[in-house]
$ cat entry_32.pdb   # PDB, C-alpha atoms
ATOM      1  CA  MET A 237      -9.719 -49.656 -42.147  1.00  0.00           C
ATOM      2  CA  ALA A 238      -7.571 -49.300 -39.056  1.00  0.00           C
ATOM      3  CA  GLY A 239      -6.957 -45.660 -38.191  1.00  0.00           C
ATOM      4  CA  ARG A 240      -7.448 -42.977 -35.576  1.00  0.00           C
ATOM      5  CA  GLU A 241     -11.224 -42.893 -36.044  1.00  0.00           C
ATOM      6  CA  THR A 242     -11.755 -46.646 -36.150  1.00  0.00           C
ATOM      7  CA  PRO A 243     -12.881 -47.225 -32.523  1.00  0.00           C
ATOM      8  CA  ALA A 244     -15.593 -44.568 -32.781  1.00  0.00           C
ATOM      9  CA  LEU A 245     -16.647 -45.786 -36.228  1.00  0.00           C
ATOM     10  CA  ALA A 246     -16.844 -49.385 -35.055  1.00  0.00           C
ATOM     11  CA  GLU A 247     -18.977 -48.331 -32.119  1.00  0.00           C
ATOM     12  CA  ALA A 248     -21.302 -46.451 -34.471  1.00  0.00           C
ATOM     13  CA  ALA A 249     -21.571 -49.471 -36.768  1.00  0.00           C
ATOM     14  CA  VAL A 250     -22.554 -51.687 -33.851  1.00  0.00           C
ATOM     15  CA  GLU A 251     -25.106 -49.117 -32.713  1.00  0.00           C
ATOM     16  CA  GLY A 252     -26.515 -49.265 -36.244  1.00  0.00           C
ATOM     17  CA  GLY A 253     -26.907 -53.033 -36.011  1.00  0.00           C
ATOM     18  CA  ALA A 254     -23.622 -54.617 -37.144  1.00  0.00           C
ATOM     19  CA  ASP A 255     -23.132 -58.104 -35.686  1.00  0.00           C
ATOM     20  CA  LEU A 256     -19.418 -58.236 -36.563  1.00  0.00           C
ATOM     21  CA  VAL A 257     -16.762 -55.690 -37.509  1.00  0.00           C
ATOM     22  CA  GLU A 258     -13.999 -56.399 -40.017  1.00  0.00           C
ATOM     23  CA  LEU A 259     -10.918 -54.204 -39.558  1.00  0.00           C
ATOM     24  CA  GLY A 260      -8.631 -53.781 -42.536  1.00  0.00           C
ATOM     25  CA  PHE A 261      -4.926 -53.802 -41.749  1.00  0.00           C
ATOM     26  CA  PRO A 262      -3.495 -51.737 -44.622  1.00  0.00           C
ATOM     27  CA  PHE A 263      -1.127 -53.286 -47.121  1.00  0.00           C
ATOM     28  CA  SER A 264       0.737 -51.530 -49.914  1.00  0.00           C
ATOM     29  CA  ASP A 265      -0.403 -53.909 -52.678  1.00  0.00           C
ATOM     30  CA  PRO A 266      -3.912 -55.147 -51.801  1.00  0.00           C
ATOM     31  CA  LEU A 267      -4.687 -57.425 -54.742  1.00  0.00           C
ATOM     32  CA  ALA A 268      -8.286 -58.193 -53.764  1.00  0.00           C
ATOM     33  CA  ASP A 269      -9.309 -54.619 -53.048  1.00  0.00           C
ATOM     34  CA  GLY A 270     -10.949 -52.100 -55.314  1.00  0.00           C
ATOM     35  CA  PRO A 271     -10.299 -48.336 -55.459  1.00  0.00           C
ATOM     36  CA  VAL A 272     -12.236 -47.345 -52.321  1.00  0.00           C
ATOM     37  CA  ILE A 273     -10.398 -49.741 -50.024  1.00  0.00           C
ATOM     38  CA  ARG A 274      -7.093 -49.044 -51.776  1.00  0.00           C
ATOM     39  CA  ARG A 275      -7.461 -45.320 -51.086  1.00  0.00           C
ATOM     40  CA  ALA A 276      -8.362 -46.043 -47.466  1.00  0.00           C
ATOM     41  CA  ALA A 277      -5.265 -48.229 -47.135  1.00  0.00           C
ATOM     42  CA  GLU A 278      -3.079 -45.527 -48.653  1.00  0.00           C
ATOM     43  CA  ARG A 279      -4.436 -42.957 -46.193  1.00  0.00           C
ATOM     44  CA  ALA A 280      -3.903 -45.321 -43.277  1.00  0.00           C
ATOM     45  CA  LEU A 281      -0.315 -46.029 -44.294  1.00  0.00           C
ATOM     46  CA  ALA A 282       0.313 -42.289 -44.704  1.00  0.00           C
ATOM     47  CA  GLU A 283      -0.925 -41.852 -41.114  1.00  0.00           C
ATOM     48  CA  GLY A 284       1.639 -44.396 -39.932  1.00  0.00           C
ATOM     49  CA  MET A 285      -0.704 -47.343 -39.483  1.00  0.00           C
ATOM     50  CA  ARG A 286       1.860 -50.116 -39.559  1.00  0.00           C
ATOM     51  CA  THR A 287       1.168 -53.495 -37.974  1.00  0.00           C
ATOM     52  CA  ALA A 288       1.910 -52.548 -34.372  1.00  0.00           C
ATOM     53  CA  ALA A 289      -0.267 -49.428 -34.669  1.00  0.00           C
ATOM     54  CA  CYS A 290      -3.079 -51.505 -36.202  1.00  0.00           C
ATOM     55  CA  LEU A 291      -2.931 -53.938 -33.295  1.00  0.00           C
ATOM     56  CA  GLU A 292      -3.152 -51.019 -30.867  1.00  0.00           C
ATOM     57  CA  CYS A 293      -6.166 -49.751 -32.842  1.00  0.00           C
ATOM     58  CA  LEU A 294      -7.727 -53.201 -32.574  1.00  0.00           C
ATOM     59  CA  ALA A 295      -7.249 -53.168 -28.795  1.00  0.00           C
ATOM     60  CA  ARG A 296      -8.828 -49.706 -28.511  1.00  0.00           C
ATOM     61  CA  THR A 297     -11.746 -50.854 -30.639  1.00  0.00           C
ATOM     62  CA  ARG A 298     -12.237 -53.923 -28.458  1.00  0.00           C
ATOM     63  CA  GLU A 299     -12.641 -51.601 -25.457  1.00  0.00           C
ATOM     64  CA  ARG A 300     -15.670 -50.005 -27.142  1.00  0.00           C
ATOM     65  CA  VAL A 301     -17.544 -52.921 -28.739  1.00  0.00           C
ATOM     66  CA  ASP A 302     -18.347 -56.484 -27.750  1.00  0.00           C
ATOM     67  CA  VAL A 303     -19.128 -57.986 -31.174  1.00  0.00           C
ATOM     68  CA  PRO A 304     -16.579 -60.171 -32.974  1.00  0.00           C
ATOM     69  CA  LEU A 305     -13.653 -58.200 -34.441  1.00  0.00           C
ATOM     70  CA  VAL A 306     -11.919 -59.716 -37.454  1.00  0.00           C
ATOM     71  CA  PRO A 307      -8.718 -58.182 -38.878  1.00  0.00           C
ATOM     72  CA  MET A 308      -8.455 -58.578 -42.639  1.00  0.00           C
ATOM     73  CA  THR A 309      -5.051 -58.373 -44.305  1.00  0.00           C
ATOM     74  CA  TYR A 310      -2.567 -60.104 -46.610  1.00  0.00           C
ATOM     75  CA  ALA A 311      -0.010 -62.859 -46.160  1.00  0.00           C
ATOM     76  CA  SER A 312       3.033 -60.629 -46.727  1.00  0.00           C
ATOM     77  CA  LEU A 313       2.167 -58.597 -43.644  1.00  0.00           C
ATOM     78  CA  LEU A 314       2.053 -61.729 -41.501  1.00  0.00           C
ATOM     79  CA  GLU A 315       5.238 -63.028 -43.095  1.00  0.00           C
ATOM     80  CA  ALA A 316       7.056 -59.826 -42.176  1.00  0.00           C
ATOM     81  CA  TYR A 317       5.636 -59.636 -38.648  1.00  0.00           C
ATOM     82  CA  GLY A 318       5.837 -63.367 -37.920  1.00  0.00           C
ATOM     83  CA  TRP A 319       2.927 -65.771 -38.365  1.00  0.00           C
ATOM     84  CA  GLU A 320       2.662 -67.077 -34.821  1.00  0.00           C
ATOM     85  CA  ARG A 321       3.504 -63.698 -33.333  1.00  0.00           C
ATOM     86  CA  PHE A 322       0.749 -61.990 -35.328  1.00  0.00           C
ATOM     87  CA  ALA A 323      -1.851 -64.595 -34.400  1.00  0.00           C
ATOM     88  CA  ALA A 324      -0.953 -64.302 -30.719  1.00  0.00           C
ATOM     89  CA  ASP A 325      -0.816 -60.498 -30.684  1.00  0.00           C
ATOM     90  CA  ALA A 326      -4.075 -60.138 -32.612  1.00  0.00           C
ATOM     91  CA  ALA A 327      -5.858 -62.485 -30.199  1.00  0.00           C
ATOM     92  CA  ALA A 328      -4.427 -60.584 -27.224  1.00  0.00           C
ATOM     93  CA  ALA A 329      -5.695 -57.321 -28.723  1.00  0.00           C
ATOM     94  CA  GLY A 330      -9.213 -58.696 -29.044  1.00  0.00           C
ATOM     95  CA  ALA A 331      -9.442 -60.321 -32.470  1.00  0.00           C
ATOM     96  CA  SER A 332     -12.063 -63.043 -32.742  1.00  0.00           C
ATOM     97  CA  SER A 333     -10.519 -64.506 -35.900  1.00  0.00           C
ATOM     98  CA  LEU A 334      -8.543 -63.391 -38.979  1.00  0.00           C
ATOM     99  CA  ILE A 335      -9.047 -63.037 -42.716  1.00  0.00           C
ATOM    100  CA  VAL A 336      -5.939 -63.396 -44.884  1.00  0.00           C
ATOM    101  CA  ALA A 337      -7.251 -62.650 -48.348  1.00  0.00           C
ATOM    102  CA  ASP A 338      -4.443 -64.172 -50.413  1.00  0.00           C
ATOM    103  CA  LEU A 339      -3.553 -67.203 -48.282  1.00  0.00           C
ATOM    104  CA  PRO A 340      -4.767 -70.471 -49.857  1.00  0.00           C
ATOM    105  CA  VAL A 341      -6.641 -72.894 -47.653  1.00  0.00           C
ATOM    106  CA  ASP A 342      -3.917 -75.537 -47.874  1.00  0.00           C
ATOM    107  CA  GLU A 343      -1.162 -73.206 -46.649  1.00  0.00           C
ATOM    108  CA  ARG A 344      -0.483 -72.312 -43.009  1.00  0.00           C
ATOM    109  CA  ARG A 345      -3.295 -74.612 -41.920  1.00  0.00           C
ATOM    110  CA  GLU A 346      -2.327 -74.052 -38.287  1.00  0.00           C
ATOM    111  CA  LEU A 347      -3.383 -70.398 -38.594  1.00  0.00           C
ATOM    112  CA  ARG A 348      -6.962 -70.056 -37.337  1.00  0.00           C
ATOM    113  CA  ARG A 349      -8.809 -67.911 -39.864  1.00  0.00           C
ATOM    114  CA  VAL A 350     -11.967 -67.392 -41.901  1.00  0.00           C
ATOM    115  CA  GLN A 351     -11.642 -69.009 -45.327  1.00  0.00           C
ATOM    116  CA  LEU A 352     -12.790 -67.420 -48.579  1.00  0.00           C
ATOM    117  CA  VAL A 353     -14.313 -69.182 -51.575  1.00  0.00           C
ATOM    118  CA  ALA A 354     -15.301 -67.746 -54.946  1.00  0.00           C
ATOM    119  CA  PRO A 355     -17.415 -68.743 -57.952  1.00  0.00           C
ATOM    120  CA  THR A 356     -14.221 -70.079 -59.532  1.00  0.00           C
ATOM    121  CA  SER A 357     -13.422 -72.351 -56.556  1.00  0.00           C
ATOM    122  CA  THR A 358     -13.603 -76.064 -57.247  1.00  0.00           C
ATOM    123  CA  ASP A 359     -15.875 -78.301 -55.199  1.00  0.00           C
ATOM    124  CA  GLU A 360     -12.817 -79.801 -53.516  1.00  0.00           C
ATOM    125  CA  ARG A 361     -11.531 -76.344 -52.584  1.00  0.00           C
ATOM    126  CA  ILE A 362     -14.905 -75.392 -51.112  1.00  0.00           C
ATOM    127  CA  ARG A 363     -15.001 -78.641 -49.138  1.00  0.00           C
ATOM    128  CA  LEU A 364     -11.497 -78.030 -47.758  1.00  0.00           C
ATOM    129  CA  ALA A 365     -12.378 -74.434 -46.891  1.00  0.00           C
ATOM    130  CA  GLY A 366     -15.484 -75.567 -45.045  1.00  0.00           C
ATOM    131  CA  GLU A 367     -13.440 -78.045 -43.010  1.00  0.00           C
ATOM    132  CA  ALA A 368     -10.716 -75.516 -42.197  1.00  0.00           C
ATOM    133  CA  THR A 369     -12.631 -72.280 -41.699  1.00  0.00           C
ATOM    134  CA  ASP A 370     -12.985 -70.554 -38.364  1.00  0.00           C
ATOM    135  CA  GLY A 371     -16.670 -70.084 -37.626  1.00  0.00           C
ATOM    136  CA  TRP A 372     -18.060 -69.082 -41.016  1.00  0.00           C
ATOM    137  CA  LEU A 373     -17.276 -69.198 -44.712  1.00  0.00           C
ATOM    138  CA  TYR A 374     -16.767 -65.994 -46.687  1.00  0.00           C
ATOM    139  CA  LEU A 375     -18.442 -66.222 -50.099  1.00  0.00           C
ATOM    140  CA  VAL A 376     -16.718 -63.899 -52.562  1.00  0.00           C
ATOM    141  CA  THR A 377     -19.625 -63.193 -54.886  1.00  0.00           C
ATOM    142  CA  VAL A 378     -17.646 -61.804 -57.842  1.00  0.00           C
ATOM    143  CA  ALA A 379     -14.453 -62.510 -59.719  1.00  0.00           C
ATOM    144  CA  GLY A 380     -12.177 -59.511 -59.276  1.00  0.00           C
ATOM    145  CA  THR A 381     -11.750 -56.851 -56.633  1.00  0.00           C
ATOM    146  CA  THR A 382     -13.986 -55.436 -53.950  1.00  0.00           C
ATOM    147  CA  GLY A 383     -16.257 -52.484 -54.637  1.00  0.00           C
ATOM    148  CA  ALA A 384     -19.883 -51.477 -55.000  1.00  0.00           C
ATOM    149  CA  ARG A 385     -21.829 -52.892 -57.947  1.00  0.00           C
ATOM    150  CA  THR A 386     -25.135 -51.806 -59.426  1.00  0.00           C
ATOM    151  CA  GLN A 387     -26.637 -55.277 -58.983  1.00  0.00           C
ATOM    152  CA  LEU A 388     -26.021 -58.420 -56.989  1.00  0.00           C
ATOM    153  CA  SER A 389     -23.742 -60.925 -58.689  1.00  0.00           C
ATOM    154  CA  GLN A 390     -25.647 -63.672 -60.495  1.00  0.00           C
ATOM    155  CA  ALA A 391     -22.860 -66.049 -59.487  1.00  0.00           C
ATOM    156  CA  LEU A 392     -23.976 -65.984 -55.847  1.00  0.00           C
ATOM    157  CA  ASP A 393     -26.813 -68.462 -56.366  1.00  0.00           C
ATOM    158  CA  GLY A 394     -24.567 -71.216 -57.657  1.00  0.00           C
ATOM    159  CA  LEU A 395     -21.801 -70.516 -55.151  1.00  0.00           C
ATOM    160  CA  ALA A 396     -24.195 -70.529 -52.196  1.00  0.00           C
ATOM    161  CA  GLU A 397     -25.820 -73.762 -53.390  1.00  0.00           C
ATOM    162  CA  ARG A 398     -22.457 -75.509 -53.694  1.00  0.00           C
ATOM    163  CA  ALA A 399     -21.243 -74.203 -50.347  1.00  0.00           C
ATOM    164  CA  ARG A 400     -24.443 -75.408 -48.638  1.00  0.00           C
ATOM    165  CA  ARG A 401     -23.961 -78.841 -50.140  1.00  0.00           C
ATOM    166  CA  LEU A 402     -20.225 -79.143 -49.511  1.00  0.00           C
ATOM    167  CA  ALA A 403     -20.059 -77.435 -46.106  1.00  0.00           C
ATOM    168  CA  PRO A 404     -23.565 -78.038 -44.723  1.00  0.00           C
ATOM    169  CA  SER A 405     -22.879 -77.125 -41.105  1.00  0.00           C
ATOM    170  CA  ILE A 406     -21.007 -73.861 -41.775  1.00  0.00           C
ATOM    171  CA  PRO A 407     -22.678 -70.411 -41.781  1.00  0.00           C
ATOM    172  CA  LEU A 408     -22.232 -68.590 -45.095  1.00  0.00           C
ATOM    173  CA  TYR A 409     -21.611 -64.832 -45.318  1.00  0.00           C
ATOM    174  CA  ALA A 410     -21.625 -63.162 -48.726  1.00  0.00           C
ATOM    175  CA  GLY A 411     -19.351 -60.240 -49.545  1.00  0.00           C
ATOM    176  CA  PHE A 412     -17.718 -58.251 -52.374  1.00  0.00           C
ATOM    177  CA  GLY A 413     -20.030 -56.036 -54.421  1.00  0.00           C
ATOM    178  CA  ILE A 414     -22.823 -55.671 -51.841  1.00  0.00           C
ATOM    179  CA  SER A 415     -23.669 -52.054 -51.080  1.00  0.00           C
ATOM    180  CA  THR A 416     -27.410 -51.316 -51.015  1.00  0.00           C
ATOM    181  CA  PRO A 417     -30.141 -52.504 -48.651  1.00  0.00           C
ATOM    182  CA  ASP A 418     -31.860 -54.314 -51.533  1.00  0.00           C
ATOM    183  CA  GLN A 419     -28.652 -56.142 -52.442  1.00  0.00           C
ATOM    184  CA  ALA A 420     -28.082 -57.057 -48.791  1.00  0.00           C
ATOM    185  CA  ARG A 421     -31.618 -58.442 -48.488  1.00  0.00           C
ATOM    186  CA  ALA A 422     -31.274 -60.471 -51.691  1.00  0.00           C
ATOM    187  CA  ALA A 423     -27.911 -61.892 -50.613  1.00  0.00           C
ATOM    188  CA  ALA A 424     -29.239 -62.774 -47.173  1.00  0.00           C
ATOM    189  CA  GLU A 425     -32.066 -64.774 -48.752  1.00  0.00           C
ATOM    190  CA  ARG A 426     -29.368 -67.112 -50.077  1.00  0.00           C
ATOM    191  CA  THR A 427     -26.889 -67.004 -47.185  1.00  0.00           C
ATOM    192  CA  ASP A 428     -26.687 -66.417 -43.434  1.00  0.00           C
ATOM    193  CA  GLY A 429     -25.300 -62.889 -43.530  1.00  0.00           C
ATOM    194  CA  VAL A 430     -23.581 -60.221 -45.599  1.00  0.00           C
ATOM    195  CA  VAL A 431     -20.258 -58.412 -45.445  1.00  0.00           C
ATOM    196  CA  VAL A 432     -20.150 -54.814 -46.685  1.00  0.00           C
ATOM    197  CA  GLY A 433     -16.793 -53.114 -47.128  1.00  0.00           C
ATOM    198  CA  SER A 434     -16.376 -50.416 -49.773  1.00  0.00           C
ATOM    199  CA  ARG A 435     -19.741 -48.716 -49.312  1.00  0.00           C
ATOM    200  CA  ALA A 436     -19.312 -48.762 -45.526  1.00  0.00           C
ATOM    201  CA  LEU A 437     -15.937 -47.042 -45.907  1.00  0.00           C
ATOM    202  CA  GLU A 438     -17.548 -44.408 -48.108  1.00  0.00           C
ATOM    203  CA  ALA A 439     -20.243 -43.842 -45.479  1.00  0.00           C
ATOM    204  CA  ALA A 440     -17.571 -43.647 -42.768  1.00  0.00           C
ATOM    205  CA  GLU A 441     -16.012 -40.680 -44.553  1.00  0.00           C
ATOM    206  CA  GLY A 442     -19.042 -38.758 -43.296  1.00  0.00           C
ATOM    207  CA  GLY A 443     -18.235 -39.671 -39.695  1.00  0.00           C
ATOM    208  CA  PRO A 444     -19.760 -42.013 -37.120  1.00  0.00           C
ATOM    209  CA  ALA A 445     -23.321 -40.695 -37.474  1.00  0.00           C
ATOM    210  CA  ALA A 446     -23.337 -41.263 -41.239  1.00  0.00           C
ATOM    211  CA  LEU A 447     -21.966 -44.774 -40.835  1.00  0.00           C
ATOM    212  CA  ARG A 448     -24.510 -45.561 -38.110  1.00  0.00           C
ATOM    213  CA  GLU A 449     -27.390 -44.571 -40.384  1.00  0.00           C
ATOM    214  CA  TYR A 450     -26.008 -46.533 -43.316  1.00  0.00           C
ATOM    215  CA  VAL A 451     -25.612 -49.701 -41.235  1.00  0.00           C
ATOM    216  CA  ARG A 452     -29.082 -49.125 -39.801  1.00  0.00           C
ATOM    217  CA  SER A 453     -30.493 -49.128 -43.354  1.00  0.00           C
ATOM    218  CA  LEU A 454     -28.847 -52.493 -44.018  1.00  0.00           C
ATOM    219  CA  ARG A 455     -30.084 -53.883 -40.707  1.00  0.00           C
ATOM    220  CA  ALA A 456     -33.642 -52.807 -41.487  1.00  0.00           C
ATOM    221  CA  ALA A 457     -33.488 -54.562 -44.861  1.00  0.00           C
ATOM    222  CA  LEU A 458     -32.177 -57.765 -43.295  1.00  0.00           C
ATOM    223  CA  ASP A 459     -34.751 -57.794 -40.516  1.00  0.00           C
ATOM    224  CA  VAL A 460     -37.782 -57.546 -42.813  1.00  0.00           C
TER
END
$ encode --input "entry_32.pdb" --output "structure tokens"
Amino acid sequence: MAGRETPALAEAAVEGGADLVELGFPFSDPLADGPVIRRAAERALAEGMRTAACLECLARTRERVDVPLVPMTYASLLEAYGWERFAADAAAAGASSLIVADLPVDERRELRRVQLVAPTSTDERIRLAGEATDGWLYLVTVAGTTGARTQLSQALDGLAERARRLAPSIPLYAGFGISTPDQARAAAERTDGVVVGSRALEAAEGGPAALREYVRSLRAALDV
């Protein structure tokens, strides 16, 4: 989540082995997010992290890491700021792409962004997402909000199989509900990478060193 500590935390995550860093731009009604990310968004908003401040945070983070940086937010924020203006300002600040969690694939098709698909997505929706996505396809492994789960979603197998068939040339990254090294390893056996949000935010509460060690544990599991 964008905030005062984000540049140092992002640097620690990369030192731990992260290949990409997703930066949450806080929103007051984050429909896709569970309690951990909601609390982080509330803290960020209380600190004054509005859109302009988040873009400044993105630019400061870009000065410290050279991996892809991907802001994740909601359509209402872009609507208020201006769609084209946000895309241009995010790119100027160092964003490699965008994730807009509640923006359907067939809306704002001119906006370059990573598309999300879920177990409930139709084959046609997955095909469209594969054609429109920017770089990789985000597989939402569960129905519902983000957050750590005790086991990997059983829906991932079917979703990954369909996405491979319908978007064969697109890398697949699995997210939502992945928190442990074992879950990350199991998800990576079915996909090309994993996205970890809630558990990484919890680790980040312990500071950069704690986040670095947590990411390192995921990296070790993936590299086996």
$ axis_aligned_box --input "entry_32.pdb" --around "stretch 298-301 of chain A" --padding-each-side "3 Å" --output "JSON"
{"center_x": -14.9, "center_y": -52.0, "center_z": -27.1, "size_x": 11.3, "size_y": 9.9, "size_z": 9.3}
$ closest_residue --input "entry_32.pdb" --among "A:Tyr450, A:Tyr317, A:Tyr310, A:Tyr409" --to "A:Pro340" --atoms "only C-alpha atoms"
A:Tyr310
$ resolve_selection --input "entry_32.pdb" --expression "the PyMOL selection byres ((chain A and resi 451) around 7)" --output "ChimeraX atom specification"
/A:249,252-254,447-450,452-455
$ closest_residue --input "entry_32.pdb" --among "A:Gly239, A:Gly318, A:Cys293, A:Asp325" --to "A:Arg279" --atoms "only C-alpha atoms"
A:Gly239
$ resolve_selection --input "entry_32.pdb" --expression "the PyMOL selection byres ((chain A and resi 326) around 12)" --output "number ranges by chain"
A: 259, 261, 287-295, 298, 305-309, 314, 317-325, 327-335, 347-349
$ resolve_selection --input "entry_32.pdb" --expression "the PyMOL selection byres ((chain A and resi 437) around 8)" --output "PyMOL selection string"
chain A and resi 237+272-273+276+433-436+438-441
$ atom_distance --input "entry_32.pdb" --atom1 "atom CA of A:Arg421" --atom2 "atom CA of A:Val301"
24.9 Å
$ residues_around --input "entry_32.pdb" --residues "A:Ala420" --least-positions-apart "5" --cutoff "8 Å" --atoms "only C-alpha atoms" --output "PyMOL selection string"
chain A and resi 414-415+430+454+457-458
$ atom_distance --input "entry_32.pdb" --atom1 "atom CA of A:Ala424" --atom2 "atom CA of A:Ser405"
16.8 Å
$ residues_around --input "entry_32.pdb" --residues "A:Thr377" --least-positions-apart "5" --cutoff "9 Å" --atoms "all atoms listed in the file" --output "NGL selection string"
:A and (353-355 or 388-392 or 395 or 410-414)
$ residues_around --input "entry_32.pdb" --residues "A:Leu408" --least-positions-apart "3" --cutoff "12 Å" --atoms "all atoms listed in the file" --output "PyMOL selection string"
chain A and resi 350-353+362+365-366+369-377+392+395-405+411+423-431
$ closest_residue --input "entry_32.pdb" --among "A:Asp459, A:Glu258, A:Glu315, A:Glu299" --to "A:Leu339" --atoms "all atoms listed in the file"
A:Glu315
$ atom_distance --input "entry_32.pdb" --atom1 "atom CA of A:Gln387" --atom2 "atom CA of A:Pro417"
11.3 Å
$ closest_residue --input "entry_32.pdb" --among "A:Val336, A:Val460, A:Leu245, A:Val250" --to "A:Leu313" --atoms "only C-alpha atoms"
A:Val336
$ closest_residue --input "entry_32.pdb" --among "A:Arg286, A:Gly260, A:Pro243, A:Arg344" --to "A:Arg274" --atoms "only C-alpha atoms"
A:Gly260
$ closest_residue --input "entry_32.pdb" --among "A:Asp418, A:Asp265, A:Glu251, A:Glu278" --to "A:Pro444" --atoms "only C-alpha atoms"
A:Glu251
$ decode --input "entry_32.pdb" --residues "stretch 429-442 of chain A" --atoms "N, CA and C atoms" --output "PDB file, in the first residue's frame"
ATOM      1  N   GLY A 429       3.672 -17.672 -12.066  1.00  0.00           N
ATOM      2  CA  GLY A 429       4.089 -16.826 -10.952  1.00  0.00           C
ATOM      3  C   GLY A 429       2.948 -16.634  -9.978  1.00  0.00           C
ATOM      4  N   VAL A 430       3.249 -16.027  -8.843  1.00  0.00           N
ATOM      5  CA  VAL A 430       2.231 -15.800  -7.814  1.00  0.00           C
ATOM      6  C   VAL A 430       2.273 -14.347  -7.366  1.00  0.00           C
ATOM      7  N   VAL A 431       1.122 -13.878  -6.924  1.00  0.00           N
ATOM      8  CA  VAL A 431       0.973 -12.533  -6.370  1.00  0.00           C
ATOM      9  C   VAL A 431       0.525 -12.690  -4.926  1.00  0.00           C
ATOM     10  N   VAL A 432       1.252 -12.082  -4.004  1.00  0.00           N
ATOM     11  CA  VAL A 432       0.920 -12.186  -2.579  1.00  0.00           C
ATOM     12  C   VAL A 432       0.683 -10.779  -2.053  1.00  0.00           C
ATOM     13  N   GLY A 433      -0.504 -10.550  -1.495  1.00  0.00           N
ATOM     14  CA  GLY A 433      -0.853  -9.221  -1.021  1.00  0.00           C
ATOM     15  C   GLY A 433      -1.024  -9.129   0.477  1.00  0.00           C
ATOM     16  N   SER A 434      -2.082  -9.739   1.016  1.00  0.00           N
ATOM     17  CA  SER A 434      -2.421  -9.555   2.426  1.00  0.00           C
ATOM     18  C   SER A 434      -1.301  -9.997   3.361  1.00  0.00           C
ATOM     19  N   ARG A 435      -0.760 -11.185   3.122  1.00  0.00           N
ATOM     20  CA  ARG A 435       0.293 -11.678   4.025  1.00  0.00           C
ATOM     21  C   ARG A 435       1.551 -10.825   3.911  1.00  0.00           C
ATOM     22  N   ALA A 436       1.838 -10.297   2.727  1.00  0.00           N
ATOM     23  CA  ALA A 436       2.996  -9.412   2.585  1.00  0.00           C
ATOM     24  C   ALA A 436       2.780  -8.120   3.363  1.00  0.00           C
ATOM     25  N   LEU A 437       1.560  -7.597   3.355  1.00  0.00           N
ATOM     26  CA  LEU A 437       1.268  -6.396   4.138  1.00  0.00           C
ATOM     27  C   LEU A 437       1.424  -6.673   5.632  1.00  0.00           C
ATOM     28  N   GLU A 438       0.990  -7.845   6.062  1.00  0.00           N
ATOM     29  CA  GLU A 438       1.169  -8.194   7.475  1.00  0.00           C
ATOM     30  C   GLU A 438       2.651  -8.263   7.816  1.00  0.00           C
ATOM     31  N   ALA A 439       3.446  -8.881   6.951  1.00  0.00           N
ATOM     32  CA  ALA A 439       4.891  -8.942   7.197  1.00  0.00           C
ATOM     33  C   ALA A 439       5.492  -7.549   7.209  1.00  0.00           C
ATOM     34  N   ALA A 440       5.018  -6.665   6.342  1.00  0.00           N
ATOM     35  CA  ALA A 440       5.559  -5.311   6.247  1.00  0.00           C
ATOM     36  C   ALA A 440       5.317  -4.507   7.517  1.00  0.00           C
ATOM     37  N   GLU A 441       4.322  -4.892   8.299  1.00  0.00           N
ATOM     38  CA  GLU A 441       4.094  -4.199   9.569  1.00  0.00           C
ATOM     39  C   GLU A 441       5.282  -4.354  10.506  1.00  0.00           C
ATOM     40  N   GLY A 442       6.090  -5.385  10.275  1.00  0.00           N
ATOM     41  CA  GLY A 442       7.300  -5.587  11.068  1.00  0.00           C
ATOM     42  C   GLY A 442       8.502  -4.852  10.525  1.00  0.00           C
TER      43      GLY A 442
END
